[in-house]
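Enquirer: Let me give you the structure first, and then I'll get to my questions.
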Amino acid sequence: MHRLKQRYRYSVILLRELIRTDFKIRYQNSFLGYVWSLLRPLLLFVILYFVFTKFLKVGTGVPHYPVYLLLGLLYWNFFVEVTIGSVTAIVGKGDLIRKINFPKYIIILAVLTGALINLSLTAVVVAIFMIAGHVSVSWQALLLIPLLFELILIAITVAFFLSTAFVRYRDISYIWEVVIQAAFYATPILYPLTRIPHFYAKILILNPFAQVIQDSRYVLITHSTETISTVYNGDRWIWAIPIGITLILTAVTSTYFRRRSKHFAEEV
Amino acid sequence: MDNDIVIRVENVYKDFILPHEKNGSVKGVFTSMFSKATKKKETQHALKDISFAIKKGEFFGIVGRNGSGKSTLLKILAGIYQPTKGKVTTSGKLVPFIELGVGFNPELSGRDNVYLNGAVLGFSAKEVDAMYEEIVDFAELRRFMDQKLKNYSSGMQVRLAFSMAVRANADILLIDEVLAVGDADFQRKCFKYFKKLKQNKKTVIFVSHDMGAVREYCDRAMLINDSKVVDIGSTDKIAQQYTRLFMEESIESSEEERTQDRWGDKAITLESIDVKIVAQNIDIKMVINCNKDFQQPVVGFRIRDMAGLEITGTNTKKEKLTLPDLKKGNKLKLNWQIPNILSDGEYNIDTALQYSDEITVADWWDSAVHLVVHKDRHLPYAIDPGFQVSIED
């Protein structure tokens with residue numbers, strides 16, 4: 001028990017220092033450095049908002065479309081930050097891995113923590129938009145907690161898989177950049193699911209990430225958005241599919257990571 | 001497990017798979033999936049059947065030549081590598097020093113790096129706060145702490161790293177020889193630190209190829225060669241075996257290397273050299289051939305032990321003997337006499353025929369002749385001048 005505590009202590013100390021270091025290195029030479037990393041998703045939001053409400057009019061018919069869009073974009077931004085940041089994270093810490101023994105998962109946790117901090121800060125902007133847009137919040141908003149938990153689980157599962165695979169296969173980083181572009185359009189971030197053929201909607205909503213976004217919009221912003229259940233005509237059991245996919249992938253990836261991480265020192 | 005034993009290594013093997021064509025890309029995976037021919041892999045056995053145990057408070061040396069597997073073993077003890085086969089059990093907090101200043105980031109200030117390296121060594125930010133002043137003073141870098149590490153000289157970096165390292169609080173320390181590099185002043189600091197560790201009864205594993213340091217600090221040592229344990233025992237015994245290893249090597253490679261290790265413009269050459277031990281003296285007879293008119297040659301030699309350590313040497317100029325100018329075809333005979341204070345063992349003698357500037361070489365010959373000294377006892381040191389000891393009445 002004592003040894004377990006000792007081990008845990010070391011991870012926490014190292015994790016804190018890794019987060020601080022990454023943060024300092026990333027923003028030390030730019031004046032607005034950190035502010036930019038928060039502004040980027042918001043500026044993207046402004047652009048997309050104009051394109052999709054003024055030009056294409058995709059959002060018409062969706063109540064509170066600006067907040068609806070913003071929430072989706074921030075989730076997406078979080079996912080991108082965690083996964084892109086993680087791909088090269090383990091190899092990037094190769095110097096450390098080759099010289100000391102420490103639990104390798106903290107490398108990914110450091111990336112995750114950085115992204116979570118950004119997510120919570122941008123969440124303030126969502127709150128402001130919600131107040132400005134007179135979005136009424138019910139007790140259902142508490143369901144956001146398990147949904148955020150699922151979002152984090154999806155992101156780190158993908159992050160663990162990519163970073164582990166990248167140690168052996170360095171093409172992963174290029175492949176992931178392409179995949180993530182495709183995924184952006186395959187996920188109902190910009191468009192309401194009602195705007196696409198029902199057959200495709202049924203497939204796309206099985207993606208756990210799509211399910212989390214739609215559910216979050218449902219509990220927080222408007223009940224008139226589609227959820228996985230409404231796409232499948234009120235079938236509640238259908239939730240088992242995306243959640244099941246998440247859990248299975250998490251289990252498989254954690255086994256893969258645990259098996260491979262022992263050999264990182266030789267391979268990075 | 002015996003309570004006294006803090007590290008137990010049982011039949012540890014370590015293999016490294018070296019792919020001939022590294023499958024570092026997805027394309028590589030696909031192509032090698034379809035063609036079995038490219039799946040060539042070579043297994044390198046870095047460690048074979050290593051077993052030993054270290055007691056609490058022991059200062060244990062691991063010696064071996066480069067590539068013998070000693071650093072791999074250290075990494076396995078540190079938990080950085082996993083053994084392919086076998087078991088390693090350790091008890092207590094273990095801190096490895098594979099390198100000084102692990103985690104140092106050149107883009108960060110000295111101050112930030114102290115906290116970063118502190119975390120690597122297991123100190124929380126609070127604990128580093130408490131000892132920060134001491135660290136800075138010890139490293140003598142107060143003025144530089146807010147500068148980026150990349151602007152430090154390498155000496156300054158080492159000083160900072162070392163003043164962190166000496167604070168590591170662990171039950172077991174794994175120290176690689178890299179810790180003892182640097183200038184003489186730094187080495188002194190290191191050795192002082194080793195002494196302190198010894199006094200504080202820390203368990204230390206020290207990996208080195210410097211037999212002198214091992215003999216001075218270690219209680220016991222282990223010799224590794226060709227990935228296997230050759231022997232474990234007293235440092236004297238291991239030192240002897242280590243030297244023998246070098247000896248075998250040099251005898252194996254002797255003939256062809258001997259000619260390669262000879263260079264110079266050959267204006268004068270060493271025709272023959274003969275070494276004899278007569279009574280208490282070593283007699284060296286040299287015959288020098290003159291191939292071209294030559295003014296004031298300087299003739300010298302040095303004696304090296306089998307580990308390559310230079311024990312002594314001199315030349316005619318240092319001995320204040322001016323040699324005559326030589327004409328082409330002349331021969332010069334020189335006799336040297338040295339009191340035989342060498343320890344029991346084998347030695348090589350390098351000879352040098354030089355111009356009067358003592359720089360330009362006419363004929364330099366590494367290991368020109370081999371010398372065997374037999375004494376009735378073996379001292380684990382380079383010289384055995386004969387000692388006298390008595391009890392005062």
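Each chain in the structure tokens gets a letter, A, B and so on, in the order shown; residues start at 1 in every chain, and ligands are counted from 1 in the order they appear.
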Show which residues sit within 9 Å of Trp239 in chain A, as a list of chain:residue names. Count only C-alpha atoms, and ignore same-chain residues fewer than 4 positions away.

Expert: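 Listing them by chain and then by number gives A:Leu206, A:Gln211, A:Ile228, A:Ser229, A:Asp235, A:Ile243, A:Gly244.
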
Enquirer: Output the selection as a compact mmCIF listing (two decimals), in the first residue's frame - N, CA and C atoms for each residue.

Expert:
# COMPACT_ATOMS: atom_id res chain seq x y z
N LEU A 206 -24.14 6.63 -34.98
CA LEU A 206 -23.57 5.52 -34.20
C LEU A 206 -22.16 5.84 -33.71
N GLN A 211 -22.77 11.00 -31.06
CA GLN A 211 -23.78 10.80 -30.02
C GLN A 211 -23.57 11.77 -28.87
N ILE A 228 -29.51 10.21 -30.79
CA ILE A 228 -29.47 8.87 -31.39
C ILE A 228 -30.82 8.17 -31.26
N SER A 229 -31.49 8.46 -30.16
CA SER A 229 -32.78 7.82 -29.91
C SER A 229 -33.84 8.30 -30.91
N ASP A 235 -36.06 4.51 -30.00
CA ASP A 235 -35.46 3.32 -29.40
C ASP A 235 -34.38 3.73 -28.40
N ILE A 243 -21.99 3.70 -26.82
CA ILE A 243 -21.33 3.56 -25.52
C ILE A 243 -20.54 2.26 -25.49
N GLY A 244 -21.14 1.21 -26.05
CA GLY A 244 -20.44 -0.07 -26.14
C GLY A 244 -19.17 0.05 -26.96

Enquirer: Taking only C-alpha atoms into account, produce a table as a tab-separated table in which each residue of chain B with an atom at most 9 Å from an atom of chain A appears once, together with its shortest atom pair and the distance in Å to one decimal, ordered by chain and rising number.

Expert:
residue	atom	partner	partner_atom	distance
B:Phe16	CA	A:Glu266	CA	8.3
B:Asn23	CA	A:Tyr169	CA	7.3
B:Gly24	CA	A:Tyr169	CA	5.0
B:Ser25	CA	A:Tyr169	CA	4.7
B:Val26	CA	A:Tyr169	CA	5.8
B:Lys27	CA	A:Asp171	CA	8.3
B:Gly28	CA	A:Tyr169	CA	8.8
B:Val29	CA	A:Tyr169	CA	8.5
B:Lys75	CA	A:Lys99	CA	7.9
B:Ala78	CA	A:Asn101	CA	6.6
B:Gly79	CA	A:Asn101	CA	5.6
B:Ile80	CA	A:Asn101	CA	4.9
B:Tyr81	CA	A:Ala265	CA	6.4
B:Gln82	CA	A:Lys262	CA	6.6
B:Gly92	CA	A:Arg3	CA	8.7
B:Lys93	CA	A:Gln6	CA	8.9
B:Val95	CA	A:Ile100	CA	8.4
B:Pro96	CA	A:Ile100	CA	6.9
B:Phe97	CA	A:Lys99	CA	7.9
B:Ile98	CA	A:Lys99	CA	5.9
B:Glu99	CA	A:Lys99	CA	7.1
B:Val102	CA	A:Leu96	CA	6.6
B:Gly103	CA	A:Leu96	CA	5.8
B:Asn105	CA	A:Thr21	CA	8.6
B:Glu107	CA	A:Ile25	CA	6.9
B:Leu108	CA	A:Ile25	CA	7.2
B:Asp112	CA	A:Thr21	CA	8.0
B:Asn113	CA	A:Thr21	CA	9.0
B:Tyr115	CA	A:Glu17	CA	7.4
B:Leu116	CA	A:Glu17	CA	5.8
B:Ala119	CA	A:Leu14	CA	5.3
B:Val120	CA	A:Leu14	CA	6.3
B:Leu121	CA	A:Tyr10	CA	8.8
B:Gly122	CA	A:Tyr10	CA	5.7
B:Phe123	CA	A:Ile13	CA	7.1
B:Ser124	CA	A:Ile13	CA	5.5
B:Ala125	CA	A:Ile13	CA	7.7

Enquirer: One decimal, in Å: what's the spacing between CA of Val204 in chain B and CA of Phe60 in chain B?

Expert: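 Interatomic distance, CA of Val204 in chain B to CA of Phe60 in chain B: 6.0 Å.
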
Enquirer: For Arg217 in chain A, which of A:Leu69, A:Leu116, A:Val179, A:Leu190 is the closest residue, counting only C-alpha atoms?

Expert: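 Closest candidate: A:Leu69.
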
Enquirer: As a list in words, please: the residues near Ile277 in chain B (cut-off 8 Å, only C-alpha atoms, same-chain neighbours under 6 positions excluded).

Expert: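 The residues that qualify are Asp283, Asn340 and Val373 of chain B.
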
Enquirer: Give me a file of those residues, with C-alpha atoms, as a compact mmCIF listing (two decimals), in the first residue's frame.

Expert:
# COMPACT_ATOMS: atom_id res chain seq x y z
CA ASP B 283 67.49 -3.46 -18.19
CA ASN B 340 62.09 -2.84 -10.79
CA VAL B 373 57.27 -8.97 -14.17

Enquirer: Got a sec: who's within 10 Å of Ala213 in chain B, counting only C-alpha atoms, leaving out chain neighbours fewer than 5 positions off, as an MDAnalysis selection string?

Expert: chainID B and resid 61 177 180 191 194 206 208 218

Enquirer: Out of range 153-239 of chain A, which residues get alpha helix (DSSP H) from DSSP, as number ranges by chain?

Expert: A: 153-168, 172-186, 198-204, 208-220, 228-231

Enquirer: So which residues touch Ile54 in chain B within 8 Å, counting only C-alpha atoms, skipping near sequence neighbours fewer than 2 positions away, as a PyMOL selection string?

Expert: chain B and resi 5-8+52+56+58+60

Enquirer: If I take CA of Val124 in chain A and CA of Glu177 in chain A, how far is one from the other in Å, to one decimal?

Expert: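 Value for the CA of Val124 in chain A-CA of Glu177 in chain A distance: 28.5 Å.
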
Enquirer: For range 103-105 of chain A, please output as an NGL selection string all residues within 7 Å (counting only C-alpha atoms; exclusion window: fewer than 3 positions along the same chain).

Expert: :A and (11 or 108-109 or 261)

Enquirer: Could you save the residues just selected, with N, CA and C atoms, as an mmCIF file, in the first residue's frame?

Expert:
data_model
loop_
_atom_site.group_PDB
_atom_site.id
_atom_site.type_symbol
_atom_site.label_atom_id
_atom_site.label_comp_id
_atom_site.auth_asym_id
_atom_site.auth_seq_id
_atom_site.Cartn_x
_atom_site.Cartn_y
_atom_site.Cartn_z
ATOM 1 N N SER A 11 4.089 10.027 -9.985
ATOM 2 C CA SER A 11 3.351 10.340 -11.206
ATOM 3 C C SER A 11 2.768 11.738 -11.145
ATOM 4 N N ILE A 108 0.363 11.228 -21.851
ATOM 5 C CA ILE A 108 -0.931 11.511 -22.479
ATOM 6 C C ILE A 108 -1.806 12.344 -21.529
ATOM 7 N N LEU A 109 -1.706 12.023 -20.244
ATOM 8 C CA LEU A 109 -2.500 12.798 -19.286
ATOM 9 C C LEU A 109 -2.094 14.270 -19.298
ATOM 10 N N SER A 261 3.882 -0.276 -23.832
ATOM 11 C CA SER A 261 4.598 0.781 -23.107
ATOM 12 C C SER A 261 5.851 0.258 -22.411
#

Enquirer: So which one's closest to Thr225 in chain A, A:Tyr68, A:Trp76, A:Trp237, A:Phe160? Using only C-alpha atoms, please.

Expert: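 Going through A:Tyr68, A:Trp76, A:Trp237, A:Phe160 one by one, the smallest distance to Thr225 in chain A is for A:Tyr68.
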
Enquirer: Mind checking which residues fall within 7 Å of range 318-325 of chain B, counting only C-alpha atoms, ignoring those fewer than 2 positions away in the same chain, and posting them as a PyMOL selection string?

Expert: chain B and resi 294-297+314-316+327

Enquirer: Generate a file of the selected residues that holds N, CA and C atoms, formatted as a short mmCIF file (atom, residue, chain, number, x, y, z; two decimals), in the first residue's frame.

Expert:
data_model
loop_
_atom_site.label_atom_id
_atom_site.label_comp_id
_atom_site.auth_asym_id
_atom_site.auth_seq_id
_atom_site.Cartn_x
_atom_site.Cartn_y
_atom_site.Cartn_z
N PHE B 294 71.61 12.73 -38.97
CA PHE B 294 70.62 13.11 -37.98
C PHE B 294 71.30 13.83 -36.83
N GLN B 295 70.70 14.98 -36.44
CA GLN B 295 71.34 15.75 -35.37
C GLN B 295 70.59 15.60 -34.05
N GLN B 296 71.36 15.36 -33.03
CA GLN B 296 70.85 15.28 -31.66
C GLN B 296 69.51 14.55 -31.52
N PRO B 297 69.53 13.28 -31.76
CA PRO B 297 68.28 12.53 -31.56
C PRO B 297 67.88 12.49 -30.08
N THR B 314 60.38 8.12 -19.81
CA THR B 314 61.31 9.24 -19.82
C THR B 314 61.97 9.30 -21.20
N ASN B 315 62.86 10.27 -21.40
CA ASN B 315 63.68 10.27 -22.61
C ASN B 315 65.06 10.82 -22.30
N THR B 316 65.94 10.74 -23.28
CA THR B 316 67.34 11.11 -23.02
C THR B 316 67.48 12.59 -22.68
N LYS B 327 75.64 9.92 -38.36
CA LYS B 327 75.83 9.92 -39.81
C LYS B 327 75.11 8.70 -40.37
#

Enquirer: Measure the distance from CA of Thr351 in chain B to CA of Asp210 in chain B in Å and round it to one decimal.

Expert: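 Separation of CA of Thr351 in chain B and CA of Asp210 in chain B: 25.5 Å.
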